[in-house]
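Okay, my_file_37.cif now, which holds mmCIF, C-alpha atoms and all ligand atoms:
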```cif
data_model
#
loop_
_atom_site.label_atom_id
_atom_site.label_comp_id
_atom_site.auth_asym_id
_atom_site.auth_seq_id
_atom_site.Cartn_x
_atom_site.Cartn_y
_atom_site.Cartn_z
CA MET A 620 52.61 120.53 275.18
CA SER A 621 50.86 120.01 271.87
CA VAL A 622 52.70 118.58 268.93
CA LYS A 623 52.43 121.89 267.20
CA SER A 624 53.70 124.05 270.00
CA ARG A 625 56.52 121.67 270.79
CA ARG A 626 57.49 121.73 267.20
CA SER A 627 57.44 125.50 266.97
CA LEU A 628 59.48 125.63 270.16
CA LEU A 629 62.14 123.53 268.50
CA LEU A 630 61.98 125.65 265.40
CA VAL A 631 62.16 128.93 267.24
CA SER A 632 65.04 127.84 269.42
CA GLY A 633 66.90 126.64 266.35
CA ALA A 634 66.44 129.95 264.61
CA LEU A 635 67.41 131.95 267.68
CA LEU A 636 70.47 129.84 268.18
CA ALA A 637 71.62 130.32 264.66
CA VAL A 638 71.44 134.07 265.13
CA ALA A 639 72.66 134.23 268.71
CA ALA A 640 75.54 131.90 267.98
CA VAL A 641 76.95 134.33 265.49
CA ALA A 642 76.33 137.47 267.50
CA VAL A 643 77.68 136.44 270.88
CA PRO A 644 79.94 133.70 272.16
CA VAL A 645 77.54 132.82 274.98
CA VAL A 646 74.28 131.76 273.48
CA VAL A 647 70.99 132.65 275.08
CA ASN A 648 69.34 129.50 276.33
CA THR A 649 65.96 129.54 274.70
CA ALA A 650 64.96 126.46 276.66
CA SER A 651 65.16 128.30 279.98
CA ALA A 652 61.56 129.43 279.54
CA ASP A 653 60.75 125.83 280.38
CA PRO A 654 60.68 125.32 284.16
CA ALA A 655 61.73 121.71 283.71
CA SER A 656 65.05 122.98 282.40
CA ALA A 657 65.87 124.68 285.71
CA ASN A 658 67.69 121.56 286.79
CA GLN A 659 68.99 121.02 283.31
CA PRO A 660 72.48 119.76 283.38
CA ARG A 661 75.98 120.34 282.38
CA ILE A 662 76.80 119.17 278.87
CA VAL A 663 76.07 116.70 280.35
CA GLY A 664 78.18 114.02 281.61
CA GLY A 665 81.15 114.65 279.37
CA ASN A 666 84.89 114.75 279.84
CA LYS A 667 87.79 116.55 278.23
CA ALA A 668 88.71 114.72 275.05
CA SER A 669 91.86 114.51 272.94
CA LEU A 670 92.26 115.13 269.23
CA ASP A 671 94.86 112.35 269.32
CA ASP A 672 91.88 110.02 269.61
CA HIS A 673 89.51 112.02 267.38
CA PRO A 674 91.60 114.08 264.92
CA TYR A 675 88.58 114.45 262.61
CA ALA A 676 86.69 116.58 265.13
CA VAL A 677 86.76 120.22 263.99
CA TYR A 678 84.73 123.33 264.67
CA LEU A 679 83.23 126.15 262.66
CA ALA A 680 83.96 129.75 263.61
CA ASP A 681 82.98 133.10 262.17
CA THR A 682 85.55 135.68 261.07
CA GLY A 683 85.67 136.97 264.66
CA GLY A 684 86.85 133.53 265.80
CA ASN A 685 83.58 132.70 267.58
CA GLN A 686 82.92 128.97 267.52
CA TYR A 687 79.28 128.32 266.59
CA CYS A 688 79.09 124.67 265.52
CA GLY A 689 80.99 121.42 265.25
CA ALA A 690 81.92 119.53 262.08
CA VAL A 691 83.86 116.44 261.08
CA ILE A 692 86.58 115.81 258.52
CA VAL A 693 85.43 113.39 255.78
CA SER A 694 88.33 113.83 253.33
CA SER A 695 91.44 115.98 252.93
CA THR A 696 89.27 118.71 251.39
CA ALA A 697 85.84 118.41 253.03
CA VAL A 698 84.00 118.46 256.36
CA ALA A 699 80.46 117.35 257.13
CA THR A 700 78.28 119.40 259.45
CA ALA A 701 74.60 120.09 260.11
CA ALA A 702 72.69 121.94 257.38
CA HIS A 703 71.44 124.39 260.01
CA CYS A 704 75.08 125.18 260.80
CA ALA A 705 75.94 125.67 257.14
CA LYS A 706 73.10 128.17 256.88
CA ALA A 707 73.98 130.10 260.04
CA VAL A 708 76.90 132.07 258.59
CA ALA A 709 77.58 133.35 255.06
CA LYS A 710 79.97 131.12 253.14
CA GLN A 711 82.71 133.73 252.90
CA ASP A 712 82.65 134.20 256.68
CA VAL A 713 82.92 130.52 257.65
CA ARG A 714 86.21 129.22 259.02
CA VAL A 715 86.96 125.55 259.60
CA VAL A 716 89.27 125.14 262.59
CA ALA A 717 91.09 121.78 262.65
CA GLY A 718 93.67 120.44 265.08
CA ARG A 719 92.74 122.82 267.90
CA GLU A 720 91.55 121.19 271.13
CA ASP A 721 91.55 124.44 273.07
CA LYS A 722 89.83 127.39 271.39
CA ARG A 723 92.08 129.83 273.27
CA THR A 724 95.18 128.62 271.38
CA ASN A 725 96.35 129.06 267.80
CA ASP A 726 96.98 125.35 267.31
CA GLY A 727 96.18 123.57 264.09
CA GLN A 728 94.82 125.20 260.98
CA VAL A 729 92.09 127.63 259.98
CA LEU A 730 90.69 127.16 256.48
CA SER A 731 88.08 129.09 254.55
CA VAL A 732 85.31 127.47 252.52
CA SER A 733 84.98 127.41 248.73
CA LYS A 734 81.76 125.43 248.40
CA ILE A 735 78.76 124.44 250.50
CA TRP A 736 76.52 121.49 249.64
CA ILE A 737 73.28 121.23 251.61
CA SER A 738 71.17 118.09 251.50
CA LYS A 739 68.21 117.99 249.24
CA GLY A 740 65.01 118.24 251.26
CA TYR A 741 66.52 120.20 254.15
CA ASN A 742 64.14 122.69 255.73
CA ASP A 743 64.81 122.67 259.42
CA PRO A 744 66.35 120.13 261.79
CA THR A 745 63.04 118.67 262.96
CA GLN A 746 62.17 117.72 259.38
CA GLY A 747 65.40 115.79 258.82
CA ASN A 748 68.12 115.97 256.17
CA ASP A 749 70.13 118.18 258.54
CA ILE A 750 73.45 117.67 256.79
CA ALA A 751 75.86 119.74 254.73
CA VAL A 752 79.35 119.26 253.33
CA LEU A 753 81.78 122.17 253.20
CA THR A 754 84.69 122.07 250.75
CA VAL A 755 87.70 123.90 252.18
CA ARG A 756 90.36 125.95 250.46
CA GLY A 757 93.61 124.06 250.88
CA GLN A 758 94.13 120.71 252.56
CA LEU A 759 93.13 119.41 255.96
CA ASP A 760 96.14 117.91 257.70
CA TYR A 761 94.15 115.56 259.94
CA ARG A 762 92.73 112.09 259.45
CA PRO A 763 89.08 111.85 258.32
CA ALA A 764 86.41 109.84 260.12
CA LYS A 765 85.25 106.63 258.44
CA LEU A 766 81.80 106.56 256.91
CA PRO A 767 79.34 103.81 257.81
CA ASP A 768 78.83 100.90 255.47
CA SER A 769 75.25 101.32 254.26
CA GLY A 770 74.98 97.53 253.99
CA ASP A 771 75.79 97.06 257.67
CA PRO A 772 73.26 98.59 260.07
CA SER A 773 74.98 97.12 263.16
CA VAL A 774 76.43 100.46 264.32
CA TYR A 775 72.86 101.74 264.66
CA ARG A 776 71.68 98.85 266.81
CA GLU A 777 69.91 99.89 269.99
CA GLY A 778 72.35 100.08 272.90
CA THR A 779 75.48 100.53 270.78
CA GLN A 780 77.81 102.81 272.74
CA ALA A 781 78.69 105.89 270.72
CA THR A 782 80.82 108.95 271.45
CA VAL A 783 79.65 112.52 270.84
CA LEU A 784 82.25 115.28 270.57
CA GLY A 785 82.06 119.04 270.72
CA TRP A 786 82.94 122.46 272.09
CA GLY A 787 79.35 123.30 273.01
CA ARG A 788 77.81 124.39 276.27
CA VAL A 789 78.85 122.66 279.47
CA ALA A 790 76.16 124.14 281.72
CA ASP A 791 72.60 125.27 281.35
CA GLY A 792 72.74 128.94 280.48
CA GLY A 793 76.50 128.78 280.85
CA ASP A 794 79.50 129.17 278.62
CA ARG A 795 80.59 126.91 275.87
CA SER A 796 83.59 124.76 276.51
CA ASP A 797 87.03 126.04 275.60
CA TYR A 798 88.20 122.44 275.29
CA LEU A 799 86.98 119.62 273.15
CA ARG A 800 84.75 117.38 275.23
CA SER A 801 83.23 113.99 274.64
CA ALA A 802 80.50 111.89 276.17
CA GLN A 803 79.41 108.28 275.77
CA VAL A 804 75.79 107.78 274.78
CA PRO A 805 73.95 104.61 273.73
CA VAL A 806 72.02 104.51 270.48
CA ILE A 807 68.26 104.53 271.10
CA GLY A 808 65.91 102.35 269.05
CA ASP A 809 63.47 103.88 266.57
CA LYS A 810 60.39 102.96 268.59
CA ASP A 811 61.66 104.62 271.75
CA CYS A 812 62.85 107.68 269.92
CA ASN A 813 59.54 108.03 268.18
CA SER A 814 57.75 108.08 271.51
CA ASP A 815 60.21 110.75 272.74
CA TYR A 816 59.77 112.94 269.65
CA ASP A 817 56.72 113.00 267.35
CA VAL A 818 58.89 114.49 264.63
CA TYR A 819 61.38 111.59 264.71
CA ASP A 820 62.09 110.16 261.25
CA PRO A 821 64.03 106.87 261.38
CA LYS A 822 65.21 107.29 257.78
CA THR A 823 67.08 110.53 258.36
CA MET A 824 67.63 110.69 262.13
CA VAL A 825 69.01 108.61 264.96
CA CYS A 826 68.71 109.22 268.71
CA ALA A 827 71.28 108.63 271.41
CA GLY A 828 71.24 109.12 275.16
CA TYR A 829 69.85 107.65 278.37
CA ALA A 830 66.20 107.39 279.36
CA ASP A 831 67.01 109.34 282.50
CA GLY A 832 68.97 111.99 280.60
CA GLY A 833 72.10 113.45 282.14
CA VAL A 834 74.45 112.81 279.21
CA ASP A 835 73.93 114.67 275.96
CA ALA A 836 75.14 117.12 273.37
CA CYS A 837 74.06 120.73 273.82
CA GLN A 838 73.96 124.10 272.05
CA GLY A 839 77.14 124.72 270.10
CA ASP A 840 77.72 121.01 269.53
CA SER A 841 75.52 120.92 266.42
CA GLY A 842 77.15 119.53 263.33
CA GLY A 843 79.71 117.66 265.40
CA PRO A 844 80.35 113.92 265.23
CA LEU A 845 78.66 110.96 266.87
CA VAL A 846 81.08 108.09 266.31
CA VAL A 847 81.32 104.38 267.02
CA GLY A 848 85.04 103.78 267.08
CA ASP A 849 86.19 105.97 264.19
CA THR A 850 82.99 105.50 262.20
CA LEU A 851 80.76 108.54 261.86
CA ILE A 852 77.16 107.50 262.49
CA GLY A 853 75.56 110.83 263.39
CA LEU A 854 75.83 114.61 263.37
CA VAL A 855 74.45 116.60 266.32
CA SER A 856 71.15 118.04 265.08
CA PHE A 857 68.60 118.95 267.75
CA GLY A 858 67.05 118.14 271.10
CA ASP A 859 64.50 119.47 273.56
CA GLY A 860 66.82 121.12 276.06
CA CYS A 861 69.96 119.15 276.90
CA GLY A 862 70.18 115.99 278.92
CA LYS A 863 66.54 116.00 279.94
CA ALA A 864 64.93 112.69 280.84
CA GLY A 865 62.93 111.34 277.92
CA LYS A 866 64.49 113.87 275.54
CA PRO A 867 67.61 112.30 274.02
CA GLY A 868 69.83 113.98 271.48
CA VAL A 869 68.67 113.68 267.88
CA TYR A 870 71.37 113.21 265.25
CA THR A 871 71.42 113.16 261.47
CA ARG A 872 71.62 109.51 260.37
CA VAL A 873 74.85 109.62 258.36
CA SER A 874 74.33 106.23 256.67
CA ALA A 875 71.50 107.77 254.64
CA TYR A 876 73.91 110.25 253.05
CA VAL A 877 77.09 108.26 252.40
CA ASP A 878 76.88 108.60 248.62
CA ASP A 879 76.27 112.35 248.84
CA ILE A 880 79.13 112.80 251.29
CA GLN A 881 81.50 110.80 249.12
CA GLN A 882 80.62 112.80 246.04
CA GLN A 883 81.28 116.04 247.87
CA ALA A 884 84.35 114.75 249.66
CA ASN A 885 86.12 113.28 246.63
CA PRO A 886 84.91 115.29 243.64
CA ARG A 887 87.58 113.90 241.34
CA LEU A 888 86.08 110.46 241.63
CA LEU A 889 83.14 111.75 239.63
CA GLY A 890 82.96 110.98 235.94
N1 LIG A 901 70.78 122.68 267.76
C1 LIG A 901 71.89 122.70 268.68
C2 LIG A 901 73.05 123.46 268.07
O1 LIG A 901 72.82 124.19 267.12
C3 LIG A 901 72.29 121.31 269.11
C4 LIG A 901 71.32 120.80 270.07
C5 LIG A 901 71.61 119.42 270.47
N2 LIG A 901 70.81 119.17 271.60
C6 LIG A 901 70.78 118.04 272.27
N3 LIG A 901 70.02 117.99 273.31
N4 LIG A 901 71.46 116.99 271.88
O2 LIG A 901 74.15 123.48 268.58
#
```
Can the structure in the file be given as structure tokens, please?
Amino acid sequence: MSVKSRRSLLLVSGALLAVAAVAVPVVVNTASADPASANQPRIVGGNKASLDDHPYAVYLADTGGNQYCGAVIVSSTAVATAAHCAKAVAKQDVRVVAGREDKRTNDGQVLSVSKIWISKGYNDPTQGNDIAVLTVRGQLDYRPAKLPDSGDPSVYREGTQATVLGWGRVADGGDRSDYLRSAQVPVIGDKDCNSDYDVYDPKTMVCAGYADGGVDACQGDSGGPLVVGDTLIGLVSFGDGCGKAGKPGVYTRVSAYVDDIQQQANPRLLG
């Protein structure tokens, strides 16, 4: 596939997902046009996860209660997510659902959104800057994730084991998960990721996954956390299919946005 057509494939599937995610709970798999995705996986190597271990993992729903993205608590009043998630639903229709492992329950809290900040330079996921911060009305009752120390790149070292969390799809063409799930994926070095994706930008993105695929985030997981311990290093952004060999998950590189996140998360610290 040419660079151009691969790129437009990513773009088109992103746009379709944004729309489909809002309209129906089961998203059309735009990647299924690709024969290689016929043996595309379950979300791919994950397990049920507990909010006891990851209380900062939250999801975004529309007013009908349909989960369409993940997000992560960064302060008592703010969550970080992907910019493409923040743009998928009108601000007044976004609900942040915290403290709810199982979507079928009424556990935890549901908060509306008073403000959306979207990163400067965001256009679409494949061009980077796929990050937004939503300020909620009221207070989040759950512990925030830690932000990376921009002076310490060690959490991004190749091979570092990270954990991705989400309520996204568990099978190719199948339903999204009702439960929070997590999977362990190693950070991939910039060189390798660049050979997997021409559009890879090491300043604003980071890749994680296995060369052989099989473990990955998938549709519906976007905006959700990639953590090392409790430190947020990435946000699910895009990928070519899910869990395909040579096509790891691409995440927003959170360390590039720590100042922005902090400003949005703790507005009273501003002069
Ligand atoms: N863009 C997708 C979403 O909106 C996330 C895709 C992540 N894909 C992957 N292979 N890691 O939910």
Counting only C-alpha atoms and all ligand atoms, which protein, DNA or RNA residues come within 9 Å of ligand LIG 901 (chain A), given as an mmCIF file with C-alpha atoms, keeping the file's coordinate frame?
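Writing the result to result-v3.cif gives the following:
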```cif
data_model
loop_
_atom_site.group_PDB
_atom_site.id
_atom_site.type_symbol
_atom_site.label_atom_id
_atom_site.label_comp_id
_atom_site.auth_asym_id
_atom_site.auth_seq_id
_atom_site.Cartn_x
_atom_site.Cartn_y
_atom_site.Cartn_z
ATOM 1 C CA LEU A 629 62.140 123.530 268.500
ATOM 2 C CA SER A 632 65.040 127.840 269.420
ATOM 3 C CA GLY A 633 66.900 126.640 266.350
ATOM 4 C CA ALA A 634 66.440 129.950 264.610
ATOM 5 C CA LEU A 636 70.470 129.840 268.180
ATOM 6 C CA ALA A 637 71.620 130.320 264.660
ATOM 7 C CA ALA A 640 75.540 131.900 267.980
ATOM 8 C CA ILE A 662 76.800 119.170 278.870
ATOM 9 C CA TYR A 687 79.280 128.320 266.590
ATOM 10 C CA CYS A 688 79.090 124.670 265.520
ATOM 11 C CA GLY A 689 80.990 121.420 265.250
ATOM 12 C CA ALA A 701 74.600 120.090 260.110
ATOM 13 C CA HIS A 703 71.440 124.390 260.010
ATOM 14 C CA CYS A 704 75.080 125.180 260.800
ATOM 15 C CA PRO A 744 66.350 120.130 261.790
ATOM 16 C CA GLY A 787 79.350 123.300 273.010
ATOM 17 C CA ARG A 788 77.810 124.390 276.270
ATOM 18 C CA CYS A 826 68.710 109.220 268.710
ATOM 19 C CA ALA A 827 71.280 108.630 271.410
ATOM 20 C CA GLY A 828 71.240 109.120 275.160
ATOM 21 C CA VAL A 834 74.450 112.810 279.210
ATOM 22 C CA ASP A 835 73.930 114.670 275.960
ATOM 23 C CA ALA A 836 75.140 117.120 273.370
ATOM 24 C CA CYS A 837 74.060 120.730 273.820
ATOM 25 C CA GLN A 838 73.960 124.100 272.050
ATOM 26 C CA GLY A 839 77.140 124.720 270.100
ATOM 27 C CA ASP A 840 77.720 121.010 269.530
ATOM 28 C CA SER A 841 75.520 120.920 266.420
ATOM 29 C CA GLY A 842 77.150 119.530 263.330
ATOM 30 C CA GLY A 843 79.710 117.660 265.400
ATOM 31 C CA VAL A 855 74.450 116.600 266.320
ATOM 32 C CA SER A 856 71.150 118.040 265.080
ATOM 33 C CA PHE A 857 68.600 118.950 267.750
ATOM 34 C CA GLY A 858 67.050 118.140 271.100
ATOM 35 C CA ASP A 859 64.500 119.470 273.560
ATOM 36 C CA GLY A 860 66.820 121.120 276.060
ATOM 37 C CA CYS A 861 69.960 119.150 276.900
ATOM 38 C CA GLY A 862 70.180 115.990 278.920
ATOM 39 C CA LYS A 863 66.540 116.000 279.940
ATOM 40 C CA LYS A 866 64.490 113.870 275.540
ATOM 41 C CA PRO A 867 67.610 112.300 274.020
ATOM 42 C CA GLY A 868 69.830 113.980 271.480
ATOM 43 C CA VAL A 869 68.670 113.680 267.880
ATOM 44 C CA TYR A 870 71.370 113.210 265.250
#
```
Selection: 12 Å around stretch 805-813 of chain A, all atoms listed in the file, excl. self and same-chain fewer than 2 positions, as a VMD selection string | chain A and resid 773 to 783 802 to 803 815 to 830 832 834 to 835 845 to 847 852 to 853 858 865 to 870 872
Which residue of A:Ile880, A:Leu679, A:Ala705, A:Ala668 approaches A:Tyr741 most closely, using all atoms listed in the file | A:Ala705
Could you give me, as a list in words, the residues that have an atom at most 9 Å away from the point (79.9, 124.6, 247.2) in the coordinates of the file, using all atoms listed in the file?
->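 Output: Lys710, Val732, Ser733, Lys734, Ile735, Trp736, Ile737, Val752, Leu753, Thr754 and Gln883 of chain A.
Among the candidates A:Gln686, A:Ser874, A:Gln728, A:Thr700, the residue lying nearest to A:Asp749 is A:Thr700 (atoms considered: all atoms listed in the file).
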Quick one: residues within 9 Å of A:Asn885, all atoms listed in the file counted, chain neighbours fewer than 4 positions away excluded, as a ChimeraX atom specification?
-> /A:694-697,880-881,889
Keeping C-alpha atoms, export the residues of the selection given above as an mmCIF file, in the frame of the given file.
```
data_model
loop_
_atom_site.group_PDB
_atom_site.id
_atom_site.type_symbol
_atom_site.label_atom_id
_atom_site.label_comp_id
_atom_site.auth_asym_id
_atom_site.auth_seq_id
_atom_site.Cartn_x
_atom_site.Cartn_y
_atom_site.Cartn_z
ATOM 1 C CA SER A 694 88.330 113.830 253.330
ATOM 2 C CA SER A 695 91.440 115.980 252.930
ATOM 3 C CA THR A 696 89.270 118.710 251.390
ATOM 4 C CA ALA A 697 85.840 118.410 253.030
ATOM 5 C CA ILE A 880 79.130 112.800 251.290
ATOM 6 C CA GLN A 881 81.500 110.800 249.120
ATOM 7 C CA LEU A 889 83.140 111.750 239.630
#
```
Report the distance between atom CA of A:Leu730 and atom CA of A:Ala717 in Å, rounded to one decimal place.
-> 8.2 Å
What separation in Å, quoted to one decimal, exists between atom CA of A:Thr682 and atom CA of A:Gly727?
->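 Atom CA of A:Thr682 sits 16.4 Å away from atom CA of A:Gly727.
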Just need stretch 684-735 of chain A in a file, please: C-alpha atoms, as a PDB file, in the first residue's frame.
```pdb
ATOM      1  CA  GLY A 684     -24.805   6.083  27.879  1.00  0.00           C
ATOM      2  CA  ASN A 685     -22.861   4.675  24.915  1.00  0.00           C
ATOM      3  CA  GLN A 686     -19.175   4.402  25.727  1.00  0.00           C
ATOM      4  CA  TYR A 687     -17.109   5.733  22.818  1.00  0.00           C
ATOM      5  CA  CYS A 688     -13.616   6.393  24.197  1.00  0.00           C
ATOM      6  CA  GLY A 689     -11.355   6.030  27.197  1.00  0.00           C
ATOM      7  CA  ALA A 690      -9.817   8.803  29.293  1.00  0.00           C
ATOM      8  CA  VAL A 691      -7.681   9.175  32.396  1.00  0.00           C
ATOM      9  CA  ILE A 692      -8.024  11.252  35.537  1.00  0.00           C
ATOM     10  CA  VAL A 693      -5.204  13.820  35.863  1.00  0.00           C
ATOM     11  CA  SER A 694      -6.603  15.891  38.758  1.00  0.00           C
ATOM     12  CA  SER A 695      -9.775  16.113  40.846  1.00  0.00           C
ATOM     13  CA  THR A 696     -11.355  18.230  38.102  1.00  0.00           C
ATOM     14  CA  ALA A 697      -9.829  17.045  34.818  1.00  0.00           C
ATOM     15  CA  VAL A 698      -9.334  14.032  32.564  1.00  0.00           C
ATOM     16  CA  ALA A 699      -6.975  13.626  29.626  1.00  0.00           C
ATOM     17  CA  THR A 700      -8.131  11.870  26.472  1.00  0.00           C
ATOM     18  CA  ALA A 701      -7.366  11.802  22.750  1.00  0.00           C
ATOM     19  CA  ALA A 702      -8.174  14.957  20.773  1.00  0.00           C
ATOM     20  CA  HIS A 703     -10.083  12.823  18.265  1.00  0.00           C
ATOM     21  CA  CYS A 704     -12.268  11.637  21.153  1.00  0.00           C
ATOM     22  CA  ALA A 705     -12.864  15.182  22.371  1.00  0.00           C
ATOM     23  CA  LYS A 706     -14.041  16.104  18.887  1.00  0.00           C
ATOM     24  CA  ALA A 707     -16.322  13.104  18.426  1.00  0.00           C
ATOM     25  CA  VAL A 708     -19.199  14.359  20.588  1.00  0.00           C
ATOM     26  CA  ALA A 709     -20.455  17.887  21.327  1.00  0.00           C
ATOM     27  CA  LYS A 710     -19.230  19.195  24.670  1.00  0.00           C
ATOM     28  CA  GLN A 711     -22.686  19.362  26.221  1.00  0.00           C
ATOM     29  CA  ASP A 712     -23.293  15.702  25.347  1.00  0.00           C
ATOM     30  CA  VAL A 713     -20.065  14.286  26.815  1.00  0.00           C
ATOM     31  CA  ARG A 714     -20.231  12.347  30.066  1.00  0.00           C
ATOM     32  CA  VAL A 715     -17.179  11.249  32.039  1.00  0.00           C
ATOM     33  CA  VAL A 716     -17.860   7.948  33.789  1.00  0.00           C
ATOM     34  CA  ALA A 717     -15.494   7.257  36.701  1.00  0.00           C
ATOM     35  CA  GLY A 718     -15.392   4.367  39.143  1.00  0.00           C
ATOM     36  CA  ARG A 719     -17.373   1.985  36.926  1.00  0.00           C
ATOM     37  CA  GLU A 720     -15.578  -1.212  35.905  1.00  0.00           C
ATOM     38  CA  ASP A 721     -18.676  -2.756  34.352  1.00  0.00           C
ATOM     39  CA  LYS A 722     -20.620  -0.528  31.965  1.00  0.00           C
ATOM     40  CA  ARG A 723     -23.841  -2.402  32.780  1.00  0.00           C
ATOM     41  CA  THR A 724     -23.837  -1.104  36.378  1.00  0.00           C
ATOM     42  CA  ASN A 725     -24.514   2.312  37.882  1.00  0.00           C
ATOM     43  CA  ASP A 726     -21.321   2.283  39.934  1.00  0.00           C
ATOM     44  CA  GLY A 727     -19.192   5.357  40.418  1.00  0.00           C
ATOM     45  CA  GLN A 728     -19.998   8.788  39.089  1.00  0.00           C
ATOM     46  CA  VAL A 729     -21.117  10.427  35.858  1.00  0.00           C
ATOM     47  CA  LEU A 730     -19.949  14.007  35.353  1.00  0.00           C
ATOM     48  CA  SER A 731     -20.602  16.482  32.576  1.00  0.00           C
ATOM     49  CA  VAL A 732     -17.927  18.667  31.010  1.00  0.00           C
ATOM     50  CA  SER A 733     -17.539  22.429  31.372  1.00  0.00           C
ATOM     51  CA  LYS A 734     -14.446  22.967  29.246  1.00  0.00           C
ATOM     52  CA  ILE A 735     -12.478  21.187  26.522  1.00  0.00           C
TER      53      ILE A 735
END
```
